[in-house]
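Peer 1: Sharing coords34.txt, compact mmCIF, C-alpha atoms and all ligand atoms:
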```txt
# COMPACT_ATOMS: atom_id res chain seq x y z
CA MET C 6 -23.58 -3.61 4.47
CA SER C 7 -24.36 -7.31 4.66
CA ARG C 8 -25.89 -8.76 1.53
CA GLN C 9 -27.22 -11.70 3.49
CA GLY C 10 -29.90 -13.49 1.48
CA ALA C 11 -29.01 -11.95 -1.88
CA PRO C 12 -28.73 -14.38 -4.83
CA SER C 13 -25.19 -14.74 -6.17
CA SER C 14 -22.95 -16.79 -8.44
CA GLU C 15 -19.44 -17.79 -7.30
CA SER C 16 -17.91 -14.95 -9.30
CA GLY C 17 -20.47 -12.50 -7.94
CA ALA C 18 -19.59 -13.73 -4.45
CA MET C 19 -15.87 -13.23 -5.18
CA LEU C 20 -16.53 -9.63 -6.25
CA ARG C 21 -18.39 -9.15 -2.99
CA ALA C 22 -15.55 -10.80 -1.03
CA LEU C 23 -13.06 -8.40 -2.66
CA GLU C 24 -15.30 -5.47 -1.75
CA LEU C 25 -15.45 -6.72 1.85
CA ALA C 26 -11.67 -7.28 1.97
CA ALA C 27 -11.10 -3.64 0.96
CA LEU C 28 -12.92 -2.51 4.12
CA GLY C 29 -10.06 -3.82 6.28
CA ARG C 30 -7.96 -0.72 6.82
CA ARG C 31 -5.78 -1.73 9.75
CA THR C 32 -4.74 -5.23 8.82
CA PHE C 33 -1.00 -4.74 8.13
CA PRO C 34 1.19 -6.78 8.51
CA ASN C 35 -1.70 -9.16 7.97
CA PRO C 36 -3.46 -9.38 4.60
CA MET C 37 -6.78 -7.83 3.62
CA VAL C 38 -9.22 -10.72 3.30
CA GLY C 39 -12.94 -10.98 2.55
CA ALA C 40 -15.12 -14.11 2.62
CA VAL C 41 -18.66 -15.03 1.62
CA VAL C 42 -20.61 -18.24 2.32
CA LEU C 43 -22.93 -19.28 -0.50
CA LYS C 44 -25.76 -21.77 -0.03
CA ASP C 45 -28.10 -22.76 -2.86
CA GLY C 46 -27.04 -19.66 -4.82
CA ARG C 47 -27.65 -17.24 -1.95
CA ILE C 48 -25.29 -15.38 0.35
CA VAL C 49 -25.78 -16.67 3.89
CA GLY C 50 -22.70 -15.22 5.57
CA GLU C 51 -20.07 -12.53 5.07
CA GLY C 52 -16.95 -11.42 6.85
CA TYR C 53 -13.72 -9.51 6.49
CA HIS C 54 -10.49 -9.16 8.40
CA SER C 55 -10.67 -5.70 9.92
CA CYS C 56 -7.50 -5.44 12.00
CA CYS C 57 -4.33 -7.36 12.69
CA GLY C 58 -4.89 -9.88 15.47
CA GLY C 59 -8.68 -9.88 14.95
CA PRO C 60 -10.70 -12.85 13.70
CA HIS C 61 -10.06 -14.02 10.14
CA ALA C 62 -12.58 -13.29 7.39
CA GLU C 63 -13.56 -16.94 6.97
CA VAL C 64 -14.38 -17.38 10.66
CA LEU C 65 -16.66 -14.32 10.66
CA ALA C 66 -18.44 -15.44 7.48
CA LEU C 67 -18.98 -18.94 8.93
CA ARG C 68 -20.22 -17.45 12.18
CA GLU C 69 -22.80 -15.38 10.31
CA ALA C 70 -23.86 -18.39 8.22
CA GLY C 71 -24.34 -20.60 11.29
CA GLY C 72 -25.98 -23.96 10.43
CA GLU C 73 -26.55 -22.79 6.83
CA ALA C 74 -22.83 -23.29 6.15
CA ARG C 75 -23.27 -27.07 6.01
CA GLY C 76 -23.04 -28.16 2.38
CA GLY C 77 -22.28 -24.57 1.31
CA THR C 78 -19.46 -22.94 -0.65
CA LEU C 79 -16.94 -20.58 0.95
CA VAL C 80 -15.67 -17.92 -1.45
CA VAL C 81 -12.59 -16.18 -0.06
CA THR C 82 -9.97 -13.76 -1.39
CA LEU C 83 -7.00 -15.65 0.14
CA GLU C 84 -6.20 -19.32 0.67
CA PRO C 85 -7.52 -20.23 4.16
CA CYS C 86 -4.80 -20.63 6.78
CA CYS C 87 -3.83 -23.99 8.30
CA HIS C 88 -1.65 -22.70 11.15
CA THR C 89 -2.14 -21.20 14.57
CA GLY C 90 -0.92 -17.61 14.67
CA ARG C 91 -2.62 -14.92 16.71
CA THR C 92 -5.81 -16.91 15.97
CA GLY C 93 -6.51 -20.56 15.16
CA PRO C 94 -6.44 -22.28 11.74
CA CYS C 95 -9.38 -21.43 9.47
CA VAL C 96 -9.20 -24.80 7.70
CA ALA C 97 -10.32 -26.59 10.91
CA GLU C 98 -13.30 -24.24 11.26
CA ILE C 99 -14.26 -24.65 7.59
CA VAL C 100 -14.20 -28.45 7.90
CA ALA C 101 -16.08 -28.38 11.20
CA ALA C 102 -18.78 -26.16 9.69
CA GLY C 103 -19.39 -28.74 6.94
CA ILE C 104 -18.45 -26.52 3.99
CA SER C 105 -18.26 -28.70 0.88
CA LYS C 106 -16.38 -26.36 -1.48
CA VAL C 107 -13.85 -23.53 -1.13
CA VAL C 108 -13.15 -21.05 -3.94
CA ALA C 109 -10.05 -18.95 -3.19
CA ALA C 110 -8.65 -16.05 -5.22
CA MET C 111 -4.95 -16.57 -4.50
CA GLU C 112 -2.54 -18.76 -2.59
CA ASP C 113 -1.17 -17.37 0.66
CA PRO C 114 2.62 -16.95 0.33
CA ASP C 115 3.03 -16.86 4.12
CA PRO C 116 5.53 -19.74 4.59
CA ARG C 117 3.29 -21.16 7.34
CA VAL C 118 0.55 -21.65 4.70
CA ASP C 119 1.99 -21.62 1.14
CA GLY C 120 -0.49 -24.04 -0.45
CA GLY C 121 -0.89 -26.05 2.76
CA GLY C 122 -4.35 -24.64 3.43
CA LEU C 123 -5.69 -25.86 0.09
CA ARG C 124 -4.00 -29.25 0.56
CA ALA C 125 -5.46 -29.67 4.04
CA LEU C 126 -8.94 -28.85 2.75
CA ARG C 127 -8.65 -31.45 -0.02
CA GLU C 128 -7.33 -34.04 2.40
CA ALA C 129 -10.42 -33.42 4.53
CA GLY C 130 -12.65 -34.05 1.49
CA VAL C 131 -13.46 -30.39 0.74
CA GLU C 132 -13.32 -29.44 -2.95
CA ALA C 133 -10.88 -26.52 -3.27
CA SER C 134 -9.99 -24.28 -6.21
CA CYS C 135 -7.71 -21.28 -6.40
CA GLY C 136 -7.15 -18.40 -8.85
CA MET C 137 -10.53 -16.76 -9.40
CA MET C 138 -9.83 -12.98 -9.66
CA GLY C 139 -6.34 -13.66 -8.34
CA SER C 140 -4.80 -10.51 -9.78
CA GLU C 141 -7.45 -8.31 -8.14
CA ALA C 142 -6.78 -10.02 -4.79
CA ALA C 143 -3.01 -9.60 -5.23
CA ARG C 144 -3.48 -5.93 -6.06
CA LEU C 145 -5.36 -5.43 -2.82
CA ASN C 146 -2.59 -7.16 -0.90
CA GLN C 147 0.47 -5.49 -2.40
CA ALA C 148 1.68 -4.24 0.98
CA TYR C 149 1.28 -7.71 2.56
CA LEU C 150 3.06 -9.39 -0.37
CA CYS C 151 5.89 -6.82 -0.37
CA TYR C 152 6.38 -7.19 3.38
CA LEU C 153 6.49 -11.00 3.18
CA GLU C 154 9.06 -10.82 0.40
CA THR C 155 11.29 -7.99 1.64
CA GLY C 156 10.46 -7.15 5.26
CA ARG C 157 9.80 -3.58 4.10
CA SER C 158 6.73 -1.41 3.61
CA LEU C 159 5.44 -1.04 0.06
CA LEU C 160 6.98 2.13 -1.36
CA VAL C 161 4.98 3.83 -4.12
CA LEU C 162 6.79 6.66 -5.89
CA LYS C 163 4.39 9.35 -7.06
CA MET C 164 5.50 12.16 -9.34
CA ALA C 165 3.77 14.82 -11.44
CA VAL C 166 5.81 15.30 -14.61
CA THR C 167 5.55 17.24 -17.84
CA LEU C 168 5.64 15.49 -21.22
CA ASP C 169 9.39 16.05 -21.18
CA GLY C 170 9.81 14.59 -17.71
CA ARG C 171 10.23 17.82 -15.72
CA ILE C 172 8.88 18.30 -12.21
CA ALA C 173 9.54 22.03 -11.71
CA ALA C 174 10.54 25.19 -13.59
CA PRO C 175 14.04 26.61 -13.04
CA ASP C 176 12.71 29.00 -10.33
CA GLY C 177 11.47 25.95 -8.38
CA SER C 178 7.78 26.57 -9.09
CA SER C 179 5.74 23.44 -9.72
CA ARG C 180 2.16 24.35 -8.80
CA TRP C 181 0.47 23.02 -10.64
CA ILE C 182 1.96 20.76 -13.28
CA SER C 183 -0.98 18.37 -13.19
CA GLY C 184 -4.65 19.23 -13.31
CA GLU C 185 -7.46 19.03 -10.78
CA ALA C 186 -8.49 15.46 -11.61
CA SER C 187 -4.90 14.28 -11.00
CA ARG C 188 -4.72 16.14 -7.72
CA ALA C 189 -7.97 14.53 -6.59
CA GLU C 190 -6.43 11.14 -7.43
CA VAL C 191 -3.35 12.02 -5.37
CA ALA C 192 -5.67 12.72 -2.43
CA ARG C 193 -7.19 9.24 -2.85
CA MET C 194 -3.70 7.72 -2.98
CA ARG C 195 -2.74 9.52 0.21
CA ALA C 196 -5.92 8.38 1.91
CA SER C 197 -5.11 4.75 1.14
CA SER C 198 -1.46 5.02 2.23
CA GLN C 199 -0.39 4.77 5.83
CA ALA C 200 2.48 7.19 5.37
CA VAL C 201 3.64 9.93 3.02
CA LEU C 202 7.36 10.42 2.55
CA VAL C 203 9.18 13.55 1.33
CA GLY C 204 12.70 14.88 1.32
CA ALA C 205 13.62 17.98 3.34
CA ASN C 206 14.17 19.97 0.13
CA THR C 207 10.55 19.49 -0.85
CA VAL C 208 9.51 20.82 2.55
CA ARG C 209 11.80 23.85 2.08
CA LEU C 210 10.71 24.54 -1.51
CA ASP C 211 7.00 23.65 -1.59
CA ASN C 212 6.09 23.59 2.11
CA PRO C 213 3.35 20.96 1.57
CA ALA C 214 1.02 19.99 4.43
CA LEU C 215 0.60 16.50 2.89
CA GLY C 216 -2.84 16.25 4.44
CA LEU C 217 -6.18 15.07 3.17
CA PRO C 218 -9.08 17.17 1.94
CA THR C 219 -12.36 16.32 3.64
CA ASP C 220 -13.10 12.63 3.19
CA PRO C 221 -11.65 12.08 -0.32
CA SER C 222 -12.61 8.40 -0.31
CA GLY C 223 -16.19 9.08 0.70
CA SER C 224 -15.84 6.21 3.16
CA GLY C 225 -16.01 8.31 6.30
CA ASP C 226 -12.51 7.15 7.27
CA THR C 227 -10.36 10.25 7.21
CA THR C 228 -7.38 9.06 9.26
CA PRO C 229 -4.55 11.02 7.64
CA PRO C 230 -1.29 9.25 6.76
CA VAL C 231 1.78 9.76 8.93
CA ARG C 232 4.07 12.39 7.37
CA ILE C 233 7.70 11.36 7.19
CA VAL C 234 10.38 13.88 6.29
CA VAL C 235 13.86 12.60 5.50
CA THR C 236 16.64 15.04 6.36
CA ARG C 237 20.38 14.55 6.32
CA SER C 238 21.20 17.86 7.96
CA GLY C 239 18.31 18.20 10.38
CA ARG C 240 17.63 21.68 9.01
CA LEU C 241 13.87 22.17 8.73
CA ALA C 242 11.97 25.35 9.58
CA PRO C 243 9.85 24.74 12.70
CA ASN C 244 6.97 26.67 11.10
CA SER C 245 6.84 24.30 8.09
CA SER C 246 3.33 23.04 7.29
CA VAL C 247 4.31 19.43 8.10
CA PHE C 248 4.46 20.56 11.75
CA ASP C 249 0.89 21.96 11.70
CA GLY C 250 -0.36 19.20 14.00
CA SER C 251 -3.04 18.02 11.54
CA ALA C 252 -1.45 14.55 11.31
CA PRO C 253 1.40 12.71 13.02
CA THR C 254 4.83 13.73 11.70
CA VAL C 255 8.10 11.82 11.81
CA VAL C 256 11.47 13.37 11.05
CA ALA C 257 13.95 10.71 9.91
CA VAL C 258 17.53 11.74 10.62
CA PRO C 259 20.86 9.94 10.30
CA ASP C 260 22.27 8.27 13.39
CA GLY C 261 24.46 10.66 15.30
CA LEU C 262 22.69 13.92 14.47
CA PRO C 263 23.28 16.33 17.37
CA GLY C 264 20.46 16.28 19.92
CA SER C 265 19.68 20.00 19.64
CA ALA C 266 18.12 19.53 16.17
CA GLU C 267 16.07 16.65 17.54
CA ALA C 268 14.67 18.77 20.37
CA VAL C 269 13.35 21.35 17.87
CA PHE C 270 11.32 18.69 16.04
CA GLU C 271 10.01 17.16 19.25
CA ASP C 272 8.96 20.62 20.48
CA ASN C 273 6.89 20.81 17.32
CA GLY C 274 5.10 17.56 18.09
CA ALA C 275 7.12 15.40 15.68
CA ALA C 276 8.72 12.06 16.48
CA VAL C 277 12.38 11.65 15.53
CA TRP C 278 13.62 8.37 14.02
CA HIS C 279 17.35 7.66 13.91
CA ILE C 280 18.24 5.77 10.75
CA PRO C 281 21.65 4.26 9.97
CA ALA C 282 23.69 6.13 7.38
CA GLY C 283 23.35 4.87 3.81
CA PRO C 284 24.36 5.63 0.22
CA GLY C 285 22.31 8.83 -0.22
CA GLY C 286 22.58 10.01 3.41
CA LEU C 287 20.18 7.67 5.18
CA ASP C 288 19.74 3.93 4.64
CA LEU C 289 16.30 4.12 3.01
CA GLY C 290 15.88 0.34 3.14
CA ALA C 291 16.30 0.55 6.93
CA LEU C 292 13.73 3.36 7.00
CA LEU C 293 11.22 1.17 5.14
CA ARG C 294 11.86 -1.72 7.55
CA MET C 295 11.19 0.71 10.38
CA THR C 296 7.93 1.91 8.82
CA ALA C 297 6.86 -1.74 8.44
CA ALA C 298 7.73 -2.43 12.08
CA GLU C 299 5.59 0.57 13.03
CA GLY C 300 2.62 -0.96 11.16
CA LEU C 301 2.77 1.45 8.21
CA GLY C 302 2.18 -0.97 5.33
CA SER C 303 2.27 1.41 2.39
CA VAL C 304 4.33 4.55 2.02
CA LEU C 305 3.70 7.11 -0.73
CA CYS C 306 6.80 9.09 -1.71
CA GLU C 307 5.88 12.53 -3.00
CA GLY C 308 9.36 13.80 -3.90
CA GLY C 309 11.58 15.40 -4.50
CA ALA C 310 13.88 14.30 -7.26
CA SER C 311 16.90 13.36 -5.18
CA LEU C 312 14.94 11.20 -2.72
CA ALA C 313 13.08 9.64 -5.68
CA THR C 314 16.38 8.91 -7.41
CA SER C 315 17.82 7.21 -4.32
CA LEU C 316 14.69 5.07 -3.96
CA VAL C 317 14.88 3.92 -7.57
CA ARG C 318 18.68 3.47 -7.54
CA GLU C 319 18.44 1.30 -4.46
CA GLY C 320 15.59 -0.77 -5.89
CA LEU C 321 13.23 0.36 -3.14
CA ALA C 322 10.52 2.03 -5.22
CA ALA C 323 8.34 -1.08 -5.65
CA ARG C 324 5.71 0.83 -7.62
CA VAL C 325 5.56 4.11 -9.48
CA ALA C 326 2.60 6.38 -10.19
CA PHE C 327 3.55 9.12 -12.64
CA PHE C 328 0.99 11.77 -13.49
CA VAL C 329 2.03 12.87 -16.97
CA ALA C 330 0.69 16.35 -17.71
CA SER C 331 0.03 17.83 -21.15
CA ALA C 332 2.73 20.45 -20.63
CA ILE C 333 6.29 21.04 -21.74
CA LEU C 334 8.96 22.84 -19.67
CA GLY C 335 12.17 22.20 -21.60
CA GLY C 336 15.62 21.33 -20.47
CA GLU C 337 15.97 24.16 -17.94
CA GLY C 338 13.30 22.49 -15.85
CA ARG C 339 14.13 20.10 -12.98
CA ALA C 340 14.35 16.50 -14.24
CA SER C 341 12.12 14.03 -12.42
CA LEU C 342 15.07 11.75 -11.67
CA ASP C 343 18.83 12.21 -11.57
CA ALA C 344 21.41 9.79 -12.95
CA LEU C 345 20.62 6.13 -12.37
CA GLY C 346 23.75 4.74 -13.99
CA ILE C 347 21.87 3.34 -16.98
CA SER C 348 24.00 3.58 -20.13
CA SER C 349 22.02 1.78 -22.81
CA ILE C 350 18.37 1.22 -23.62
CA GLY C 351 18.62 -2.41 -22.64
CA GLY C 352 19.20 -1.23 -19.09
CA ALA C 353 16.01 0.82 -18.91
CA LEU C 354 13.82 -0.06 -15.96
CA ARG C 355 10.44 -1.26 -17.17
CA LEU C 356 7.12 -1.60 -15.42
CA SER C 357 4.93 -4.65 -15.09
CA GLU C 358 1.15 -4.68 -14.65
CA VAL C 359 0.96 -1.22 -16.19
CA ARG C 360 -2.24 0.76 -15.91
CA HIS C 361 -3.06 4.00 -17.73
CA THR C 362 -5.79 6.27 -16.43
CA PRO C 363 -6.77 9.42 -18.32
CA LEU C 364 -7.37 12.26 -15.86
CA GLY C 365 -8.58 15.36 -17.73
CA PRO C 366 -5.55 16.59 -19.71
CA ASP C 367 -3.20 14.23 -17.82
CA VAL C 368 -2.54 10.50 -17.89
CA LEU C 369 -1.65 8.47 -14.81
CA VAL C 370 0.84 5.70 -15.60
CA GLU C 371 1.22 3.17 -12.78
CA GLY C 372 2.99 -0.12 -12.41
CA SER C 373 5.46 -2.26 -10.48
CA VAL C 374 9.13 -1.58 -11.24
CA VAL C 375 11.06 -4.58 -12.53
CA TYR C 376 14.57 -4.47 -11.04
CA ARG C 377 16.57 -6.87 -13.14
CA SER C 378 19.45 -7.63 -10.83
CA ARG C 379 17.26 -8.75 -8.00
C1 LIG U 401 -5.56 -12.62 8.44
N1 LIG U 401 -6.87 -12.50 8.16
O1 LIG U 401 -8.74 -13.19 7.25
C2 LIG U 401 -6.79 -14.44 6.93
C3 LIG U 401 -5.40 -14.56 7.22
O2 LIG U 401 -1.51 -14.38 13.31
P1 LIG U 401 -2.88 -14.39 12.70
O3 LIG U 401 -3.79 -15.36 13.35
O4 LIG U 401 -3.48 -13.01 12.62
O5 LIG U 401 -2.71 -14.92 11.20
C4 LIG U 401 -2.11 -14.20 10.20
C5 LIG U 401 -1.91 -15.06 8.98
O6 LIG U 401 -3.10 -15.77 8.67
C6 LIG U 401 -1.57 -14.28 7.73
O7 LIG U 401 -0.20 -14.09 7.57
C7 LIG U 401 -2.12 -15.19 6.63
O8 LIG U 401 -1.15 -16.17 6.35
C8 LIG U 401 -3.28 -15.93 7.27
N2 LIG U 401 -4.65 -15.56 6.76
N3 LIG U 401 -4.84 -13.62 7.97
O9 LIG U 401 -4.99 -11.80 9.12
C9 LIG U 401 -7.53 -13.37 7.44
N4 LIG U 401 -7.43 -15.34 6.19
ZN ZN U 402 -7.22 -17.95 8.83
```
What does the file become when written as structure tokens?

Peer 2:
Amino acid sequence: MSRQGAPSSESGAMLRALELAALGRRTFPNPMVGAVVLKDGRIVGEGYHSCCGGPHAEVLALREAGGEARGGTLVVTLEPCCHTGRTGPCVAEIVAAGISKVVAAMEDPDPRVDGGGLRALREAGVEASCGMMGSEAARLNQAYLCYLETGRSLLVLKMAVTLDGRIAAPDGSSRWISGEASRAEVARMRASSQAVLVGANTVRLDNPALGLPTDPSGSGDTTPPVRIVVTRSGRLAPNSSVFDGSAPTVVAVPDGLPGSAEAVFEDNGAAVWHIPAGPGGLDLGALLRMTAAEGLGSVLCEGGASLATSLVREGLAARVAFFVASAILGGEGRASLDALGISSIGGALRLSEVRHTPLGPDVLVEGSVVYRSR
């Protein structure tokens, strides 16, 4: 894995640092960070943050570089930290190692850092720049950034819709609206999410297992996401596929649900989370704070329409990923979202950082949702 000794430019090293950062799969609530030490145009050290509480990327890269770090350049995907958290400040180690230049991709919005790392480096006589491939680094750290800003997990709303925005025919059938390439992409999305969220109706109608096919990422890491089912009534068939034991399952119920329903889920190996009541039944914001507290940084909502509507209405769907299929169902079909209370075009919710990916006959449209009133 290490490219030790390979020739590299600063931008080549940043690409490598981003690649390394992406290997950190259990970092939440910490960021994903990769670092490379360059000396005379060659990589002499590499590191990445692999799990929360573990050593920071910079420290590992400096350790690998050893004495070669002196006079070298540290290329890192996040501003080095200047505080003592679970580990010590990276800035002190960078200065002690004799690094003469730091190239960072983005500032660290953690209030304990927030530009202070770059300032401290400059004060110590280290040249420091920030911004190279910043949007790629931010993309990698969406869950970290969302958690810092809101205290919640990153909620990505995924839907497969027809050209006319329908998610199912009137008889409830929806398999399959999107094609094979889209479904393979959904598997990759699941594999990179720590949890998958569905409403009880989706479990009743589609009975999805919400699991992973064999190693969709090709990385050898097949840890399946936790399956979370939201139910107001606590009525879920014990033989539903989400209780097949292939991955951990959580049933989220409103506070005060009678204990007998809870026992049924626990008998089926599921954990039960009690969530305060909220606008649509459960307080979904509280649920997403709970997922964050449980270390589940990103949650992929896979339907159905009423849960999706609540998430959008409450401003909780931070990102959307709509697979738009080349198919038409007409007005009898189930609409992807119910009323949002938008009465004129000026009120339409728009996306930022939009990406379009053609997938066979479908197009994946992804982006962050801009909620105006916030
Ligand atoms: C990381 N890994 O490679 C870098 C981080 O409590 P700690 O010691 O784990 O520190 C967490 C903070 O350190 C994190 O919020 C971020 O501000 C900073 N940088 N964190 O976990 C790393 N470089
Ligand atoms: Zn650090």

Peer 1: How many Å separate CA of Leu345 (chain C) from CA of Leu162 (chain C)?

Peer 2: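 Between CA of Leu345 (chain C) and CA of Leu162 (chain C) the gap is 15.3 Å.
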
Peer 1: Show which residues sit within 8 Å of Gln9 (chain C), as a list of chain:residue names. Count only C-alpha atoms, and ignore same-chain residues fewer than 6 positions away.

Peer 2: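 The filter keeps C:Arg47, C:Ile48, C:Val49, C:Gly50, C:Glu51.
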
Peer 1: Store the residues picked out above in a file with C-alpha atoms, as a PDB file, in the coordinates of the input.

Peer 2:
```pdb
ATOM      1  CA  ARG C  47     -27.650 -17.240  -1.950  1.00  0.00           C
ATOM      2  CA  ILE C  48     -25.290 -15.380   0.350  1.00  0.00           C
ATOM      3  CA  VAL C  49     -25.780 -16.670   3.890  1.00  0.00           C
ATOM      4  CA  GLY C  50     -22.700 -15.220   5.570  1.00  0.00           C
ATOM      5  CA  GLU C  51     -20.070 -12.530   5.070  1.00  0.00           C
TER       6      GLU C  51
END
```

Peer 1: Using all atoms listed in the file, find each residue in region 196-248 of chain C having at least one atom no more than 10 Å away from region 295-298 of chain C; report its shortest atom-to-atom pair and that distance in Å (one decimal), rows by chain then rising number, as CSV.

Peer 2:
```
residue,atom,partner,partner_atom,distance
C:Gln199,CA,C:Thr296,CA,9.3
C:Ala200,CA,C:Thr296,CA,8.3
C:Val231,CA,C:Thr296,CA,10.0
C:Ile233,CA,C:Thr296,CA,9.6
```

Peer 1: List as a ChimeraX atom specification: which residues have an atom within 12 Å of (-2.2, -1.0, 9.6), counting all atoms listed in the file?

Peer 2: /C:29-37,54-58,148-149,158,197-200,228,230-231,296-304

Peer 1: Create the file for the chosen residues now, containing C-alpha atoms and written as a short mmCIF file (atom, residue, chain, number, x, y, z; two decimals), in the coordinates of the input.

Peer 2:
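Just written: part-v5.cif:
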```
data_model
loop_
_atom_site.label_atom_id
_atom_site.label_comp_id
_atom_site.auth_asym_id
_atom_site.auth_seq_id
_atom_site.Cartn_x
_atom_site.Cartn_y
_atom_site.Cartn_z
CA GLY C 29 -10.06 -3.82 6.28
CA ARG C 30 -7.96 -0.72 6.82
CA ARG C 31 -5.78 -1.73 9.75
CA THR C 32 -4.74 -5.23 8.82
CA PHE C 33 -1.00 -4.74 8.13
CA PRO C 34 1.19 -6.78 8.51
CA ASN C 35 -1.70 -9.16 7.97
CA PRO C 36 -3.46 -9.38 4.60
CA MET C 37 -6.78 -7.83 3.62
CA HIS C 54 -10.49 -9.16 8.40
CA SER C 55 -10.67 -5.70 9.92
CA CYS C 56 -7.50 -5.44 12.00
CA CYS C 57 -4.33 -7.36 12.69
CA GLY C 58 -4.89 -9.88 15.47
CA ALA C 148 1.68 -4.24 0.98
CA TYR C 149 1.28 -7.71 2.56
CA SER C 158 6.73 -1.41 3.61
CA SER C 197 -5.11 4.75 1.14
CA SER C 198 -1.46 5.02 2.23
CA GLN C 199 -0.39 4.77 5.83
CA ALA C 200 2.48 7.19 5.37
CA THR C 228 -7.38 9.06 9.26
CA PRO C 230 -1.29 9.25 6.76
CA VAL C 231 1.78 9.76 8.93
CA THR C 296 7.93 1.91 8.82
CA ALA C 297 6.86 -1.74 8.44
CA ALA C 298 7.73 -2.43 12.08
CA GLU C 299 5.59 0.57 13.03
CA GLY C 300 2.62 -0.96 11.16
CA LEU C 301 2.77 1.45 8.21
CA GLY C 302 2.18 -0.97 5.33
CA SER C 303 2.27 1.41 2.39
CA VAL C 304 4.33 4.55 2.02
#
```

Peer 1: May I have a table of the residues of chain C lying at most 6 Å from ligand ZN 402 (chain U), giving each one's closest pair of atoms and their distance in Å to one decimal, counting all atoms listed in the file, ordered by chain and ascending residue number, as a Markdown table?

Peer 2:
```
| residue | atom | partner | partner_atom | distance |
| --- | --- | --- | --- | --- |
| C:His61 | CA | U:ZN402 | ZN | 5.0 |
| C:Pro85 | CA | U:ZN402 | ZN | 5.2 |
| C:Cys86 | CA | U:ZN402 | ZN | 4.2 |
| C:Pro94 | CA | U:ZN402 | ZN | 5.3 |
| C:Cys95 | CA | U:ZN402 | ZN | 4.1 |
```

Peer 1: Between C:Ala125, C:Ala11, C:Val161, C:Ala40, which has the minimum distance to ligand LIG 401 (chain U) (counting only C-alpha atoms and all ligand atoms)?

Peer 2: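 Closest candidate: C:Ala40.
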
Peer 1: Around all of ligand LIG 401 (chain U)'s listed atoms, make the axis-aligned box with 8 Å on each side and tell me centre and edge lengths in Å to one decimal, as JSON.

Peer 2:
```
{"center_x": -4.5, "center_y": -14.0, "center_z": 9.8, "size_x": 24.5, "size_y": 20.4, "size_z": 23.2}
```

Peer 1: Which polymer residues have any atom within 12 Å of an atom of Arg355 (chain C), counting all atoms listed in the file, with same-chain residues fewer than 3 positions away left out, as number ranges by chain?

Peer 2: C: 317, 323-325, 350-352, 358-359, 370-377

Peer 1: I'd like the interatomic distance between CA of Leu321 (chain C) and CA of Ala165 (chain C), to a tenth of an Å.

Peer 2: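 Atom-to-atom, CA of Leu321 (chain C) to CA of Ala165 (chain C), that is 19.2 Å.
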
Peer 1: Tell me which of C:Leu305, C:Ser311, C:His361, C:Leu356 sits closest to Asp343 (chain C), counting all atoms listed in the file.

Peer 2: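 Checking each candidate against Asp343 (chain C), we get C:Ser311 as the closest.
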
Peer 1: Would you mind completing region 323-334 of chain C so that it carries N, CA and C atoms, and writing it out as a tab-separated table (two decimals), keeping the file's coordinate frame?

Peer 2:
```
chain	number	residue	atom	x	y	z
C	323	ALA	N	8.98	0.14	-5.13
C	323	ALA	CA	8.34	-1.08	-5.65
C	323	ALA	C	7.36	-0.73	-6.77
C	324	ARG	N	6.68	0.40	-6.60
C	324	ARG	CA	5.71	0.83	-7.62
C	324	ARG	C	5.93	2.30	-7.94
C	325	VAL	N	5.55	2.69	-9.14
C	325	VAL	CA	5.56	4.11	-9.48
C	325	VAL	C	4.18	4.53	-9.95
C	326	ALA	N	3.85	5.78	-9.71
C	326	ALA	CA	2.60	6.38	-10.19
C	326	ALA	C	2.99	7.75	-10.72
C	327	PHE	N	3.15	7.84	-12.04
C	327	PHE	CA	3.55	9.12	-12.64
C	327	PHE	C	2.33	9.77	-13.29
C	328	PHE	N	2.05	10.98	-12.86
C	328	PHE	CA	0.99	11.77	-13.49
C	328	PHE	C	1.66	12.57	-14.59
C	329	VAL	N	1.38	12.21	-15.83
C	329	VAL	CA	2.03	12.87	-16.97
C	329	VAL	C	1.09	13.96	-17.48
C	330	ALA	N	1.54	15.21	-17.34
C	330	ALA	CA	0.69	16.35	-17.71
C	330	ALA	C	0.92	16.76	-19.16
C	331	SER	N	-0.10	17.34	-19.76
C	331	SER	CA	0.03	17.83	-21.15
C	331	SER	C	0.71	19.19	-21.12
C	332	ALA	N	1.97	19.20	-20.74
C	332	ALA	CA	2.73	20.45	-20.63
C	332	ALA	C	4.18	20.15	-20.93
C	333	ILE	N	4.87	21.18	-21.38
C	333	ILE	CA	6.29	21.04	-21.74
C	333	ILE	C	7.06	22.14	-21.00
C	334	LEU	N	8.17	21.81	-20.37
C	334	LEU	CA	8.96	22.84	-19.67
C	334	LEU	C	10.34	23.04	-20.30
```
